[in-house]
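All remarks here apply to the structure that follows.
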Number of protein chains: 2
Amino acid sequence: MTNQFFASGHLRRIALNATTHRHRVVIVGAGFGGLEAARRLGGEEVDVTIIDRSNHHVFQPLLYQVAGAALDISQIAWPIRHVLHRFKNVTTLMAEVNGVDVAARTVLLTDDSRIPYDTLVLATGSTHAYFGHDEWAQYAPGLKTLGDALSIRQHLLTIFEQAEREPDPDKRQTLQTIVVIGAGATGVELACTIAELAHEEMPGEFRHIDTRTARVIVVEAAPRVLSGFPETLADYALRTMERLGVTVLLNHPVTECRADGVVCKDQYIGAGAIFWAAGVRASPAAQWLNVPADKAGRVKVERDLSVPAHTEIFVVGDAALLEQENGKPVPGLAPAAKQEGRYVAEVIKTRLRNRAPPRPFRYRNYGNLSTIGKHTAVVDFGKVTLRGRIAWGIWAVAHIYFLIGVRNRLLVALNWFWLYIKGERAARIIISRKT
Amino acid sequence: MTNQFFASGHLRRIALNATTHRHRVVIVGAGFGGLEAARRLGGEEVDVTIIDRSNHHVFQPLLYQVAGAALDISQIAWPIRHVLHRFKNVTTLMAEVNGVDVAARTVLLTDDSRIPYDTLVLATGSTHAYFGHDEWAQYAPGLKTLGDALSIRQHLLTIFEQAEREPDPDKRQTLQTIVVIGAGATGVELACTIAELAHEEMPGEFRHIDTRTARVIVVEAAPRVLSGFPETLADYALRTMERLGVTVLLNHPVTECRADGVVCKDQYIGAGAIFWAAGVRASPAAQWLNVPADKAGRVKVERDLSVPAHTEIFVVGDAALLEQENGKPVPGLAPAAKQEGRYVAEVIKTRLRNRAPPRPFRYRNYGNLSTIGKHTAVVDFGKVTLRGRIAWGIWAVAHIYFLIGVRNRLLVALNWFWLYIKGERAARIIISRKT
């Protein structure tokens with residue numbers, strides 16, 4: 001019995017400290033990976049602390065629907081401590097981590113307090129990457145958090161209100177031009193939901209503008225949309241987007257973002273709103289640990305998702321880089337993060353029980369989905385691909401199924417049903433702290 | 001045929017301008033009064049413009065449920081332009097008004113643009129009054145808008161998160177002390193929903209604090225709670241509040257609000273959160289018009305709700321002061337504002353049709369309701385009073401009935417059903433623009 005855990009001296013430490021504490025697992029981040037690890041360790045003989053800077057877990061694949069005012073925040077977010085409250089060995093902390101003292105086995109918080117660990121799971125996710133142009137962030141916000149989604153929603157709804165009051169026809173048209181940078185799944189989904197809002201749901205509510213003339217432009221550096229999907233699905237997606245009234249500019253790398261528009265391929269596009277869906281960068285986990293990372297900032301992990309030379313530290317989800325047998329990295333998708341969180345919990349459990357470790361992690365691809373507007377989707381199962389209404393049906397069922405909690409499933413289903421039947425979005429509310 | 005309208009020279013103006021425009025009604029404010037006036041003028045031979053600084057109408061009687069994280073924003077708010085979109089003669093503008101040029105018959109906006117009117121309806125509502133201590137506003141926010149409700153929710157949820165991380169037991173207890181200033185309907189409803197959240201719904205989710213020990217204190221200058229209700233109902237409400245674990249301090253006028261607590265009757269109460277429900281002041285409509293107002297800032301209106309010497313200007317809702325036959329003013333309640341909005345629309349319609357004006361406005365009191373926690377309420381029908389579960393049932397049906405739109409009625413009903421059955425609040429989400 002020479003598993004890594006024993007070899008790393010953990011068990012000895014546990015035996016020594018038996019009178020003072022149980023084995024302590026600290027999980028940083030309550031996204032799909034971190035939350036799944038915490039759940040799988042719930043009820044085990046181990047003290048788990050999960051730390052997140054927000055109080056809620058977000059179902060990120062539906063964030064674009066909050067941005068597009070189709071869903072309200074509580075329908076895709078849940079208080080972390082509520083999700084985990086039945087596991088008495090799990091403590092939830094709302095706090096911001098800004099470092100790890102690897103030698104002292106301690107997580108450092110921004111308020112200078114420290115949380116000791118025996119095993120650390122970093123599930124810190126990713127953030128937007130502006131290709132070295134961080135100053136673009138102020139003009140072209142991205143979509144990663146609930147706060148982002150609400151900002152985008154506010155901005156989006158506000159430009160139409162401004163256009164309604166704008167006497168100058170040119171300015172009116174510019175205000176009603178929305179540029180989405182990036183034609184990956186997020187960019188496509190966001191652009192389509194905005195186009196439907198403007199072209200199908202809002203006409204008839206304004207008196208001085210015709211929102212059917214609003215322009216939604218997707219700007220993409222690559223020669224195709226949905227690079228993560230097979231080419232036939234991407235072609236289908238492109239045609240569907242154009243039918244929804246979305247203009248797609250391929251081979252158009254953005255060279256400048258400004259307050260009033262973007263420059264791409266020597267062309268200036270004036271816009272009332274610019275949204276960023278072009279790239280992500282891993283959170284600073286690699287810097288905290290001072291370990292090698294790829295250029296996207298992802299920590300190169302071992303086959304058991306532990307950090308090289310630190311068997312007591314694991315990285316899961318978007319912050320981790322693990323090559324699969326086919327040479328491609330495990331994708332930065334919710335199901336992958338979830339599978340990794342579950343796997344790490346399994347590794348920790350086998351170590352605690354002094355059993356042989358599980359086989360190396362293997363990502364199981366159950367299919368990659370993306371919607372294109374509210375009636376169609378593309379699904380890539382690897383060998384089989386689907387598109388159109390049937391694919392949308394699969395997407396809807398899969399997403400509602402994976403939403404946590406019966407209540408939210410029901411409410412989301414109802415909201416969607418209403419949106420599709422009546423074309424009325426639930427959440428078209430501009431909130432200001434003043435009004 | 002010498003109605004006021006004709007006498008004021010309006011009809012002549014209309015005749016003169018017949019080739020250029022129809023009669024123009026401008027409504028400022030889309031609360032209960034303004035929105036009702038706009039709806040009742042929908043489809044008439046008149047151009048209506050309704051101006052509000054937010055894009056949504058709020059069902060204010062349920063704001064405290066948003067503050068208490070039981071309802072999400074889209075369940076009690078609707079885009080004004082969506083509510084009114086089928087009336088082609090009604091234009092919705094999201095803009096902020098900061099004055100009226102009575103002589104030029106023009107409404108002034110903060111962006112220096114001007115909206116001309118032939119008839120003006122001011123439905124600008126009320127805001128918090130801090131009895132001359134406006135500096136208290138930063139420490140003790142009030143509850144009038146969606147933004148207020150979200151701020152209160154954020155603050156409320158955050159103090160428990162902070163307490164969970166606070167090592168000092170005294171500071172922990174202070175953080176978990178919530179003071180509500182004012183024991184009118186808003187104060188009672190807010191305090192009870194906070195007590196239930198802390199004492200019934202959150203215990204079991206924290207590891208270092210026991211939220212059942214959280215203190216909810218209502219501080220009231222008067223010798224009783226619910227001054228708008230008969231004394232027997234107030235006594236019942238007080239007993240119910242105490243049973244819910246709310247401490248009520250009567251005859252305790254607040255003399256100071258600070259960041260860390262309040263001083264009342266020479267007693268200092270340290271608190272993690274302070275909320276203001278003690279008084280309201282009318283919006284500056286009287287200043288805009290330069291007409292007499294009472295000390296709460298309400299415009300003294302004629303029996304037809306017009307402003308003395310300005311038959312073309314009406315004031316409705318919380319901004320208006322009209323004495324009833326019993327000597328009491330029409331109360332600042334949603335049903336009163338709605339009745340006034342409808343009445344003013346009626347007056348305008350009779351003037352347009354050159355008919356005799358309707359009889360003077362008379363407020364019909366269909367009952368005054370307030371909940372005390374999630375299972376009891378008090379209802380005052382004037383001659384009959386009700387309390388307890390039956391009253392709560394009446395309250396719930398009345399409120400769901402008056403919510404605009406079938407969809408929201410259904411969703412609110414579902415959310416409540418879930419809250420009562422499972423004790424799970426939908427909206428316990430702390431949003432930050434950063435996370």
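Just remember, in the structure tokens the first chain shown is A, the second B, etc., residues are 1-based per chain, and ligands are 1-based in the order shown.
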As a VMD selection string, please: all residues of stretch 285-341 of chain B that backbone DSSP puts in helix (DSSP H, G or I).
chain B and resid 285 to 289 317 to 319 334 to 341
Compile a residue-level contact table for chain A against chain B at a cut-off of 7 Å, reporting for every qualifying residue the shortest atom pair and its distance in Å to one decimal, with only C-alpha atoms counted, rows ordered by chain and ascending number, as a tab-separated table.
residue	atom	partner	partner_atom	distance
A:Arg53	CA	B:Thr435	CA	6.6
A:Ser54	CA	B:Thr435	CA	6.1
A:Asn55	CA	B:Ile430	CA	6.0
A:His56	CA	B:Ile429	CA	6.2
A:Asp72	CA	B:Ser74	CA	6.7
A:Ser74	CA	B:Ala427	CA	5.0
A:Trp78	CA	B:Ile429	CA	6.9
A:Pro79	CA	B:Arg428	CA	6.3
A:Arg81	CA	B:Glu205	CA	5.6
A:His82	CA	B:Glu205	CA	6.0
A:His85	CA	B:Glu205	CA	4.6
A:Thr91	CA	B:Arg207	CA	6.1
A:Met94	CA	B:Glu161	CA	6.2
A:Thr145	CA	B:Thr435	CA	6.1
A:Leu146	CA	B:Ile431	CA	6.8
A:Gly147	CA	B:Arg433	CA	4.4
A:Asp148	CA	B:Arg433	CA	6.5
A:Glu161	CA	B:Met94	CA	6.2
A:Gly204	CA	B:His85	CA	6.3
A:Glu205	CA	B:His85	CA	4.6
A:Arg207	CA	B:Thr91	CA	6.1
A:Ala426	CA	B:Ser74	CA	6.0
A:Ala427	CA	B:Ser74	CA	5.0
A:Arg428	CA	B:Pro79	CA	6.3
A:Ile429	CA	B:His56	CA	6.2
A:Ile430	CA	B:Asn55	CA	6.0
A:Ile431	CA	B:Gly147	CA	5.9
A:Ser432	CA	B:Gly147	CA	5.6
A:Arg433	CA	B:Gly147	CA	4.4
A:Lys434	CA	B:Gly147	CA	6.7
A:Thr435	CA	B:Ser54	CA	6.1
Tell me, which residues of stretch 209-331 of chain A carry DSSP strand (DSSP E or B), written as a ChimeraX atom specification?
/A:215-219,246-249,254-258,261-264,267-270,273-276,280-282,293,299-300,306-307,310-315,320-321,323,329
Atom CA of A:Asp47 and atom CA of A:Leu333 are how many Å apart?
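Those two atoms sit 28.1 Å apart.
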Would you compute the distance between atom CA of B:Gly367 and atom CA of B:Ala334? Give it in Å to one decimal.
11.5 Å
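The protein and nucleic acid residues lying at most 6 Å from B:Thr106 are B:Val100, B:Asp101, B:Ala104, B:Ile115, B:Pro116, B:Tyr117, with only C-alpha atoms considered and sequence neighbours fewer than 2 positions away removed.
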Env of A:Leu289: 10 Å cut, atoms = only C-alpha atoms, seq-sep filter 4 positions within chain, self excluded. Answer as a VMD selection string.
chain A and resid 99 to 102 284 to 285 299 307 310 313
Identify, on the basis of only C-alpha atoms, every residue whose closest approach to stretch 219-226 of chain A does not exceed 9 Å; exclude the query and any residue fewer than 6 positions from it along the same chain; express the result as a VMD selection string.
chain A and resid 179 to 185 187 to 188 233 to 235 237 to 238 247 to 254 264 278 370
Next, dump the selected residues to file, keeping only C-alpha atoms, as a tab-separated table (two decimals), in the first residue's frame.
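Output (selection.tsv):
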chain	number	residue	atom	x	y	z
A	179	VAL	CA	-21.45	44.47	-31.66
A	180	VAL	CA	-20.59	41.08	-30.16
A	181	ILE	CA	-16.91	40.23	-30.40
A	182	GLY	CA	-16.28	36.51	-30.79
A	183	ALA	CA	-18.35	33.79	-32.48
A	184	GLY	CA	-17.85	30.94	-30.04
A	185	ALA	CA	-20.88	29.47	-28.28
A	187	GLY	CA	-20.99	35.02	-28.70
A	188	VAL	CA	-23.47	33.16	-30.92
A	233	LEU	CA	-22.91	22.48	-37.74
A	234	ALA	CA	-21.02	25.76	-37.93
A	235	ASP	CA	-22.32	26.35	-41.48
A	237	ALA	CA	-25.40	27.97	-37.37
A	238	LEU	CA	-24.15	30.75	-39.65
A	247	THR	CA	-24.61	40.08	-39.40
A	248	VAL	CA	-21.54	37.85	-39.07
A	249	LEU	CA	-18.16	39.27	-40.07
A	250	LEU	CA	-15.64	36.41	-40.29
A	251	ASN	CA	-11.87	36.96	-40.67
A	252	HIS	CA	-12.37	40.29	-38.90
A	253	PRO	CA	-9.91	40.52	-36.00
A	254	VAL	CA	-10.67	43.46	-33.72
A	264	CYS	CA	-11.83	45.54	-37.15
A	278	ALA	CA	-13.69	36.40	-27.64
A	370	SER	CA	-25.22	25.50	-28.39
Any idea what's packed within 12 Å of stretch 320-327 of chain A, counting only C-alpha atoms, ignoring anything in its chain fewer than 6 positions away? Could you give it as a VMD selection string?
chain A and resid 33 121 to 126 281 to 286 291 to 307 313 to 314 333 336 to 337 340 to 341 360 to 365
List the spatial neighbours of A:Asn368 as a ChimeraX atom specification - criterion: any atom at most 12 Å away, only C-alpha atoms, same-chain residues fewer than 2 positions off excluded.
/A:61,185,226-230,233,331-336,364-366,370-371,377-387,391,394-395,398-399
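As for atom CA of B:Phe131 and atom CA of B:Thr255, they are spaced 10.2 Å apart.
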